[in-house]
Each structure stands twice: as structure tokens, then as C-alpha cells.
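Below: my_file_37.cif (mmCIF, C-alpha atoms)
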```
data_final
#
loop_
_atom_site.label_atom_id
_atom_site.label_comp_id
_atom_site.auth_asym_id
_atom_site.auth_seq_id
_atom_site.Cartn_x
_atom_site.Cartn_y
_atom_site.Cartn_z
CA MET A 545 102.15 125.47 74.91
CA SER A 546 104.53 122.81 73.63
CA TRP A 547 105.96 120.16 75.91
CA CYS A 548 108.25 117.14 75.74
CA VAL A 549 109.71 114.44 77.94
CA ASP A 550 113.22 112.98 78.04
CA ALA A 551 114.02 109.35 78.90
CA ASN A 552 117.03 110.59 80.91
CA HIS A 553 114.78 112.74 83.14
CA ILE A 554 112.05 110.40 84.34
CA GLY A 555 109.08 112.18 85.88
CA ALA A 556 109.81 115.57 84.25
CA VAL A 557 107.92 117.47 81.54
CA PHE A 558 109.71 120.30 79.72
CA THR A 559 107.57 123.18 78.40
CA ASP A 560 108.24 126.21 76.20
CA LYS A 561 106.14 128.44 78.49
CA GLY A 562 104.82 127.97 81.95
CA LEU A 563 101.31 128.12 83.33
CA LEU A 564 102.31 130.52 86.08
CA GLU A 565 104.80 132.60 84.09
CA GLN A 566 103.54 132.50 80.49
CA SER A 567 106.76 133.77 78.90
CA LEU A 568 109.29 131.46 80.57
CA PRO A 569 109.98 127.76 79.96
CA GLN A 570 109.37 125.52 82.95
CA VAL A 571 110.03 121.98 84.07
CA TYR A 572 107.08 120.20 85.69
CA GLN A 573 107.15 117.04 87.74
CA TYR A 574 104.51 114.53 86.76
CA GLN A 575 102.99 111.43 88.26
CA MET A 576 100.42 109.01 86.88
CA LEU A 577 98.18 108.02 89.81
CA ASP A 578 96.34 105.48 87.69
CA GLU A 579 95.59 104.94 84.01
CA ASN A 580 93.18 107.90 83.95
CA THR A 581 94.76 110.43 86.35
CA LEU A 582 97.80 112.64 85.70
CA ILE A 583 99.24 115.13 88.20
CA MET A 584 101.70 117.80 87.05
CA SER A 585 103.33 120.20 89.51
CA VAL A 586 105.87 123.00 89.77
CA ASP A 587 106.67 124.82 93.01
CA LYS A 588 103.33 125.28 94.87
CA TYR A 589 101.20 124.88 91.73
CA GLU A 590 99.56 121.55 90.83
CA GLU A 591 97.26 120.50 88.01
CA THR A 592 95.32 117.24 88.05
CA ILE A 593 93.76 115.88 84.86
CA ARG A 594 91.37 112.94 85.17
CA LEU A 595 89.83 111.29 82.12
CA GLU A 596 86.26 110.21 82.71
CA SER A 597 85.65 109.04 79.13
CA ASP A 598 86.79 109.77 75.58
CA CYS A 599 84.59 112.88 75.64
CA ARG A 600 84.94 114.16 79.20
CA ARG A 601 87.78 115.11 81.56
CA LEU A 602 88.16 116.97 84.84
CA ARG A 603 90.95 119.52 85.35
CA GLU A 604 91.72 120.78 88.84
CA HIS A 605 94.22 123.51 89.63
CA ARG A 606 95.62 123.85 93.13
CA TYR A 607 98.00 126.36 94.65
CA ASP A 608 99.69 125.53 97.94
CA GLY A 609 97.28 122.59 98.31
CA LYS A 610 94.14 124.72 97.96
CA LEU A 611 91.72 124.20 95.08
CA ILE A 612 91.60 127.36 92.94
CA ARG A 613 89.79 126.08 89.85
CA ARG A 614 87.82 123.01 88.76
CA VAL A 615 86.75 122.65 85.12
CA TRP A 616 84.85 119.87 83.39
CA GLU A 617 85.84 119.74 79.71
CA HIS A 618 83.58 118.10 77.16
CA LYS A 619 84.42 117.14 73.59
CA ASP A 620 81.77 116.73 70.93
CA GLU A 621 81.34 112.97 70.41
CA ALA A 622 81.29 113.48 66.63
CA LEU A 623 84.91 114.70 66.84
CA VAL A 624 86.08 111.56 68.66
CA ALA A 625 85.15 109.06 65.96
#
```

As C-alpha cells - that is how I would like this structure written.
Amino acid sequence: MSWCVDANHIGAVFTDKGLLEQSLPQVYQYQMLDENTLIMSVDKYEETIRLESDCRRLREHRYDGKLIRRVWEHKDEALVA
């Protein structure tokens, strides 16, 4: 998925394909809660990404406010350097 932002559309992320509808472009709303937490949403779908460190992040997917998936992602520390 490719995405971009536009200074004229603050708080919006433009994608070439959506998470819910893989073949169609979508526009997501985004909000930085703090320096480590990003929330992106479209309709009833919401994804939260929280950085815990350079090598670890939490991704949570919610639909209509209900948690549907929680994934801890780990990156090999050798790849970070």
C-alpha cells in the first residue's frame, strides 16, 4: 500500500488501496495522540499503532469500537542499526 499526505488536507492520509476494500483508494483520518501513538480511521474501522521502542510496536484494529485484532510486531535489532 502506498500513502501520502497533503498540506491542504490536514489530518487526512490518501492511499492507493484500502484496508477494508483492497482494490479501492481510500482517505483515512489520522490523529497523533502522543509522540508514539498514531490512530488512523475510516468509517467504522480504526487502526492504532503504538511504538514501544525502535524494535517493537503494537498494532490494534477495531471495528465499530470493538477490538478485532491485536498484534505485537518485532524487528530484528541487527536491522535497526

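In this model, the gap between atom CA of A:Leu577 and atom CA of A:Glu590 comes to 13.6 Å.
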
- At what distance in Å, to one decimal, does atom CA of A:Gln573 lie from atom CA of A:Lys588?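 Distance reported for this atom pair: 11.5 Å.
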
- Message: Show me, as a VMD selection string, the residues that have an atom within 12 Å of A:Tyr574 when counting all atoms listed in the file, minus same-chain residues fewer than 5 positions from it.
- Response: chain A and resid 548 to 549 553 to 558 581 to 586 589 to 593

- Message: For this structure, which residues satisfy the selection - the PyMOL selection byres ((chain A and resi 618) around 6) - when it is evaluated on the file as given? I want them as a PyMOL selection string.
- Response: chain A and resi 599-600+617+619

- Task: Report the distance between atom CA of A:Arg606 and atom CA of A:Val571 in Å, rounded to one decimal place.
- Result: 17.1 Å

- Message: Using only C-alpha atoms, can you tell me which of A:Leu595, A:Leu602, A:Ile612, A:Ala551 comes closest to A:Glu579?
- Response: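 Checking each of A:Leu595, A:Leu602, A:Ile612, A:Ala551 against A:Glu579, counting only C-alpha atoms, the winner is A:Leu595.
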